[in-house]
Amino acid sequence: MPKSKKRNNKGGGGGRQHRAVQPFSDEDASIETMSHCSSFSDPTSLADDSTETDQTVEDLDEEASQEDYDYKLRGFIDSTLDKSAKVRLSALEGLKSAFSSKLLYDFILERRVTLTDSIERCLKKGKSEEQCVAAQVASLLCIQLGSSIESEEVFKSLRPIFKTILTDKSVCVQSRRACATSLAICCYVAADDIEDLHLTMTYLESIFTASYQKQDKTIGVQTTQLDITTLVAWTLLITICPASLMKKVFEIHLPKLPCLLSCGDVDMRIAAGETMALLFELARDIYDDFEFEDMELLCCKLKCLATDSNKYRAKTDRKKQRSVFRDVLKTVEDGDFDPETITFGPECMYIDTWVKRRTYETFKELLASGVRFHLQANEFVRSVFELGPPLLLDAATLKATKTSRVERHFYNSAICKARTKARNKFRDKRADIGEYI
């Protein structure tokens with residue numbers, strides 16, 4: 001008979017072997033139950049559980065990322081006190097980027113005094129570049145806090161330092177220009193007293209009014225740039241100036257501003273022209289019977305600037321000047337203004353006055369790419385432009401209103417193609433293009 005196969009049993013005795021039976025544990029019972037019950041589970045409940053889990057994970061991720069962001073900002077604030085100027089400058093740049101791109105009201109409110117002290121220290125101890133960035137951070141700090149007691153305290157703490165730097169002729173012109181702009185913006189946001197407004201305007205007037213008596217040959221490039229900056233900053237404060245102060249402004253500045261239209265610097269001519277248009281606009285709003293004494297002579301100057309074709313001036317300067325002074329002339333002569341539409345998210349804003357244009361350009365220059373975000377979300381900025389409270393939009397709405405990269409690419413390609421076709425008509429041809437120069 002054939003031999004039977006032997007089983008390899010360990011620890012077994014003689015005779016027939018039996019496999020040991022393991023006891024059935026409670027854990028096995030629960031697993032068994034789960035495996036059988038899973039086929040009867042409601043798919044809707046599972047979907048709900050999955051959604052809740054995903055939402056919880058997203059909330060946790062968002063909370064963790066916010067904590068990391070706050071930690072990074074705290075590091076920037078601490079670094080503004082570092083001995084190294086390079087480290088301080090990098091920290092200020094980080095704060096500037098954060099304040100212009102996000103709303104951080106609660107974070108800033110808790111550290112307002114520390115931030116103010118840091119800015120003050122950088123303005124006093126730092127060199128030109130550090131002072132410029134510190135002044136910008138001060139402006140952004142006030143915009144984040146809005147029109148409140150806290151921003152007013154920031155303004156009153158920093159105003160003496162701004163005034164000292166602005167009026168000190170030994171300080172670098174770039175620092176003086178940055179402090180002039182920041183002084184005006186902080187005053188615009190925070191000043192709740194007419195005396196504070198009038199005092200700040202006096203500081204700025206003391207700089208640019210010196211250009212009234214100067215001749216073109218005696219005005220240096222650096223001095224001209226400082227005068228332009230202070231004039232533009234002063235014009236911003238004019239937009240919130242009460243009627244009780246405007247009469248004096250009209251009497252002093254309207255007769256003298258036309259002399260700046262003959263300045264050799266195109267930016268000074270443009271700044272003076274825009275300031276005059278804004279003053280004419282405000283004067284007509286306040287006084288129904290407003291009349292300018294030398295209206296004919298002024299309109300003649302404005303027409304010459306709006307049609308300037310002198311070859312000794314750069315082509316780009318002529319183009320920019322003509323574009324601005326066409327609008328200025330239209331306002332001075334007829335009181336008209338060509339509106340402009342600013343789109344941000346699902347909303348849009350109409351720039352239909354010189355007051356709005358001056359205000360928007362100031363915020364745009366400071367906030368840079370973050371201006372549209374602040375127009376959407378910052379309550380103070382929205383109140384300035386009378387946009388009402390921020391809209392509550394869900395993620396789907398925001399995604400629907402956002403233009404995709406492909407759509408932007410096709411749009412830009414179409415614009416480029418149309419522009420090339422238009423320009424090709426006048427390229428390599430003996431056409432008369434004198435009217436286009």
# chains A, B, ... in the order shown; residues from 1 in each chain; ligands from 1
$ residues_around --residues "Asp317 in chain A" --least-positions-apart "2" --cutoff "12 Å" --atoms "only C-alpha atoms" --output "JSON list (two decimals) with N, CA and C atoms, in the first residue's frame"
[["chain", "number", "residue", "atom", "x", "y", "z"],
["A", 264, "GLY", "N", 9.15, 123.58, -15.81],
["A", 264, "GLY", "CA", 9.81, 122.72, -16.79],
["A", 264, "GLY", "C", 9.59, 121.24, -16.56],
["A", 265, "ASP", "N", 9.15, 120.86, -15.37],
["A", 265, "ASP", "CA", 8.92, 119.45, -15.06],
["A", 265, "ASP", "C", 7.48, 119.07, -15.40],
["A", 266, "VAL", "N", 7.31, 118.05, -16.22],
["A", 266, "VAL", "CA", 5.97, 117.65, -16.67],
["A", 266, "VAL", "C", 5.11, 117.17, -15.51],
["A", 267, "ASP", "N", 5.71, 116.51, -14.53],
["A", 267, "ASP", "CA", 4.93, 116.02, -13.38],
["A", 267, "ASP", "C", 4.40, 117.17, -12.54],
["A", 268, "MET", "N", 5.18, 118.25, -12.43],
["A", 268, "MET", "CA", 4.70, 119.42, -11.70],
["A", 268, "MET", "C", 3.55, 120.09, -12.46],
["A", 269, "ARG", "N", 3.67, 120.19, -13.78],
["A", 269, "ARG", "CA", 2.58, 120.77, -14.56],
["A", 269, "ARG", "C", 1.29, 119.96, -14.40],
["A", 270, "ILE", "N", 1.44, 118.64, -14.44],
["A", 270, "ILE", "CA", 0.27, 117.77, -14.31],
["A", 270, "ILE", "C", -0.34, 117.87, -12.92],
["A", 305, "LEU", "N", -1.39, 123.50, -23.31],
["A", 305, "LEU", "CA", -0.84, 122.26, -22.72],
["A", 305, "LEU", "C", -1.58, 121.03, -23.23],
["A", 306, "ALA", "N", -2.86, 121.18, -23.53],
["A", 306, "ALA", "CA", -3.65, 120.04, -24.03],
["A", 306, "ALA", "C", -3.34, 119.71, -25.48],
["A", 308, "ASP", "N", -0.07, 120.50, -26.81],
["A", 308, "ASP", "CA", 1.37, 120.76, -26.91],
["A", 308, "ASP", "C", 2.04, 119.77, -27.87],
["A", 309, "SER", "N", 2.79, 120.30, -28.82],
["A", 309, "SER", "CA", 3.52, 119.44, -29.76],
["A", 309, "SER", "C", 4.97, 119.88, -29.90],
["A", 310, "ASN", "N", 5.50, 120.56, -28.89],
["A", 310, "ASN", "CA", 6.89, 121.02, -28.94],
["A", 310, "ASN", "C", 7.85, 119.84, -28.96],
["A", 311, "LYS", "N", 8.76, 119.85, -29.92],
["A", 311, "LYS", "CA", 9.66, 118.72, -30.12],
["A", 311, "LYS", "C", 10.74, 118.62, -29.05],
["A", 312, "TYR", "N", 11.00, 119.72, -28.34],
["A", 312, "TYR", "CA", 12.06, 119.66, -27.32],
["A", 312, "TYR", "C", 11.61, 118.90, -26.08],
["A", 313, "ARG", "N", 10.35, 118.53, -26.01],
["A", 313, "ARG", "CA", 9.86, 117.70, -24.91],
["A", 313, "ARG", "C", 9.75, 116.26, -25.37],
["A", 314, "ALA", "N", 9.95, 115.36, -24.43],
["A", 314, "ALA", "CA", 9.89, 113.93, -24.77],
["A", 314, "ALA", "C", 8.49, 113.55, -25.23],
["A", 315, "LYS", "N", 8.44, 112.60, -26.16],
["A", 315, "LYS", "CA", 7.16, 112.19, -26.73],
["A", 315, "LYS", "C", 6.23, 111.63, -25.66],
["A", 319, "LYS", "N", 2.56, 113.12, -24.57],
["A", 319, "LYS", "CA", 1.35, 112.29, -24.61],
["A", 319, "LYS", "C", 0.64, 112.29, -23.26],
["A", 320, "LYS", "N", 1.41, 112.11, -22.19],
["A", 320, "LYS", "CA", 0.82, 112.11, -20.85],
["A", 320, "LYS", "C", 0.21, 113.46, -20.51],
["A", 321, "GLN", "N", 0.92, 114.52, -20.86],
["A", 321, "GLN", "CA", 0.44, 115.87, -20.56],
["A", 321, "GLN", "C", -0.85, 116.18, -21.31],
["A", 322, "ARG", "N", -0.89, 115.86, -22.61],
["A", 322, "ARG", "CA", -2.09, 116.16, -23.40],
["A", 322, "ARG", "C", -3.31, 115.40, -22.86],
["A", 323, "SER", "N", -3.10, 114.14, -22.49],
["A", 323, "SER", "CA", -4.21, 113.33, -21.97],
["A", 323, "SER", "C", -4.80, 113.95, -20.71],
["A", 324, "VAL", "N", -3.94, 114.40, -19.79],
["A", 324, "VAL", "CA", -4.41, 114.96, -18.53],
["A", 324, "VAL", "C", -5.08, 116.31, -18.75],
["A", 437, "ILE", "N", 1.55, 112.71, -33.46],
["A", 437, "ILE", "CA", 2.73, 112.93, -32.61],
["A", 437, "ILE", "C", 2.42, 114.01, -31.60]]
$ select_by_dssp --residues "range 76-310 of chain A" --states "helix (DSSP H, G or I)" --output "ChimeraX atom specification"
/A:76-79,85-101,105-110,112-125,128-145,149-167,173-190,194-212,216-218,221-238,243-253,257-262,266-286,295-306
$ residues_around --residues "Thr343 in chain A" --least-positions-apart "4" --cutoff "12 Å" --atoms "only C-alpha atoms" --output "VMD selection string"
chain A and resid 347 to 351 371 to 373 375 to 376 401 to 402
$ residues_around --residues "Ile108 in chain A" --least-positions-apart "3" --cutoff "9 Å" --atoms "only C-alpha atoms" --output "ChimeraX atom specification"
/A:104-105,111-112,115,141,144-145
$ closest_residue --among "A:Val113, A:Leu140, A:Glu67, A:Lys247" --to "Leu92 in chain A" --atoms "only C-alpha atoms"
A:Leu140
$ residues_around --residues "Leu89 in chain A" --least-positions-apart "4" --cutoff "7 Å" --atoms "only C-alpha atoms" --output "PyMOL selection string"
chain A and resi 85+93+130
$ write_last_selection --atoms "all heavy atoms" --output "compact mmCIF listing (two decimals), in the first residue's frame"
# COMPACT_ATOMS: atom_id res chain seq x y z
N ALA A 85 20.33 96.82 10.27
CA ALA A 85 19.44 97.61 9.43
C ALA A 85 18.81 96.76 8.34
O ALA A 85 17.65 96.96 7.96
CB ALA A 85 20.21 98.78 8.81
N GLU A 93 9.36 95.36 5.22
CA GLU A 93 8.82 94.94 3.93
C GLU A 93 7.80 93.82 4.10
O GLU A 93 6.77 93.79 3.42
CB GLU A 93 9.96 94.47 3.01
CG GLU A 93 10.89 95.58 2.52
CD GLU A 93 10.27 96.42 1.43
OE1 GLU A 93 9.11 96.18 1.07
OE2 GLU A 93 10.96 97.33 0.94
N GLU A 130 14.93 102.66 4.89
CA GLU A 130 14.16 102.17 6.05
C GLU A 130 13.08 103.17 6.45
O GLU A 130 11.96 102.78 6.78
CB GLU A 130 15.11 101.92 7.22
CG GLU A 130 14.44 101.34 8.44
CD GLU A 130 15.42 101.05 9.57
OE1 GLU A 130 16.64 100.96 9.30
OE2 GLU A 130 14.98 100.92 10.73
$ residues_around --residues "Phe363 in chain A" --least-positions-apart "6" --cutoff "12 Å" --atoms "only C-alpha atoms" --output "list in words"
Ser100, Gln136, Ser139, Leu140, Ile143, Thr181, Ser182, Ala184, Ile185, Cys186, Tyr188, Val189, Ala233, Leu236, Lys356, Arg357, Ser369, Gly370, Val371, Arg372, Phe373, His374, Leu375, Phe380, Val381, Arg382, Val384 and Phe385 of chain A
$ write_last_selection --atoms "N, CA and C atoms" --output "short mmCIF file (atom, residue, chain, number, x, y, z; two decimals), in the first residue's frame"
data_model
loop_
_atom_site.label_atom_id
_atom_site.label_comp_id
_atom_site.auth_asym_id
_atom_site.auth_seq_id
_atom_site.Cartn_x
_atom_site.Cartn_y
_atom_site.Cartn_z
N SER A 100 -1.01 95.19 3.22
CA SER A 100 -1.63 95.61 1.96
C SER A 100 -2.43 94.51 1.29
N GLN A 136 5.42 104.04 4.95
CA GLN A 136 4.36 103.31 4.25
C GLN A 136 3.63 102.36 5.20
N SER A 139 1.11 104.27 7.23
CA SER A 139 -0.11 104.55 6.47
C SER A 139 -1.01 103.32 6.41
N LEU A 140 -0.41 102.16 6.15
CA LEU A 140 -1.18 100.92 6.08
C LEU A 140 -1.76 100.55 7.44
N ILE A 143 -4.90 102.54 7.80
CA ILE A 143 -5.95 102.03 6.92
C ILE A 143 -6.53 100.73 7.48
N THR A 181 3.70 112.02 2.20
CA THR A 181 2.57 111.19 1.77
C THR A 181 1.91 110.49 2.95
N SER A 182 2.74 109.92 3.82
CA SER A 182 2.20 109.20 4.98
C SER A 182 1.49 110.14 5.94
N ALA A 184 -0.13 112.82 5.16
CA ALA A 184 -1.44 113.15 4.58
C ALA A 184 -2.41 111.98 4.70
N ILE A 185 -1.95 110.76 4.42
CA ILE A 185 -2.83 109.59 4.47
C ILE A 185 -3.30 109.33 5.90
N CYS A 186 -2.37 109.37 6.86
CA CYS A 186 -2.75 109.14 8.26
C CYS A 186 -3.73 110.21 8.74
N TYR A 188 -5.79 111.88 6.77
CA TYR A 188 -7.03 111.62 6.04
C TYR A 188 -7.86 110.54 6.75
N VAL A 189 -7.19 109.50 7.24
CA VAL A 189 -7.89 108.38 7.87
C VAL A 189 -8.30 108.72 9.29
N ALA A 233 -0.12 115.43 -1.87
CA ALA A 233 -0.58 115.06 -0.53
C ALA A 233 -1.55 116.10 0.02
N LEU A 236 -4.98 115.73 -1.48
CA LEU A 236 -5.78 114.67 -0.85
C LEU A 236 -6.56 115.21 0.34
N LYS A 356 -12.86 111.82 -6.23
CA LYS A 356 -12.74 110.36 -6.20
C LYS A 356 -11.46 109.90 -6.88
N ARG A 357 -11.09 110.55 -7.98
CA ARG A 357 -9.87 110.13 -8.69
C ARG A 357 -8.64 110.35 -7.82
N SER A 369 -1.17 96.08 -5.59
CA SER A 369 -2.04 95.00 -6.06
C SER A 369 -3.15 94.65 -5.06
N GLY A 370 -3.04 95.12 -3.83
CA GLY A 370 -4.06 94.82 -2.82
C GLY A 370 -5.22 95.78 -2.80
N VAL A 371 -5.23 96.77 -3.72
CA VAL A 371 -6.28 97.78 -3.67
C VAL A 371 -7.65 97.17 -3.94
N ARG A 372 -7.75 96.22 -4.86
CA ARG A 372 -9.05 95.61 -5.15
C ARG A 372 -9.55 94.77 -3.99
N PHE A 373 -8.63 94.09 -3.30
CA PHE A 373 -9.04 93.31 -2.13
C PHE A 373 -9.62 94.24 -1.05
N HIS A 374 -8.96 95.36 -0.81
CA HIS A 374 -9.45 96.29 0.22
C HIS A 374 -10.76 96.95 -0.21
N LEU A 375 -10.93 97.17 -1.51
CA LEU A 375 -12.21 97.70 -1.97
C LEU A 375 -13.34 96.70 -1.73
N PHE A 380 -13.55 100.45 6.03
CA PHE A 380 -13.18 101.86 5.95
C PHE A 380 -13.01 102.31 4.50
N VAL A 381 -12.27 101.54 3.72
CA VAL A 381 -12.05 101.89 2.32
C VAL A 381 -13.38 101.94 1.57
N ARG A 382 -14.26 101.01 1.86
CA ARG A 382 -15.57 101.00 1.20
C ARG A 382 -16.40 102.22 1.62
N VAL A 384 -15.18 105.14 2.34
CA VAL A 384 -14.61 106.29 1.65
C VAL A 384 -15.24 106.47 0.28
N PHE A 385 -15.45 105.35 -0.43
CA PHE A 385 -16.00 105.40 -1.78
C PHE A 385 -17.50 105.12 -1.81
#
$ closest_residue --among "A:Gly273, A:Leu279, A:Leu260, A:Pro255" --to "Glu293 in chain A" --atoms "only C-alpha atoms"
A:Pro255
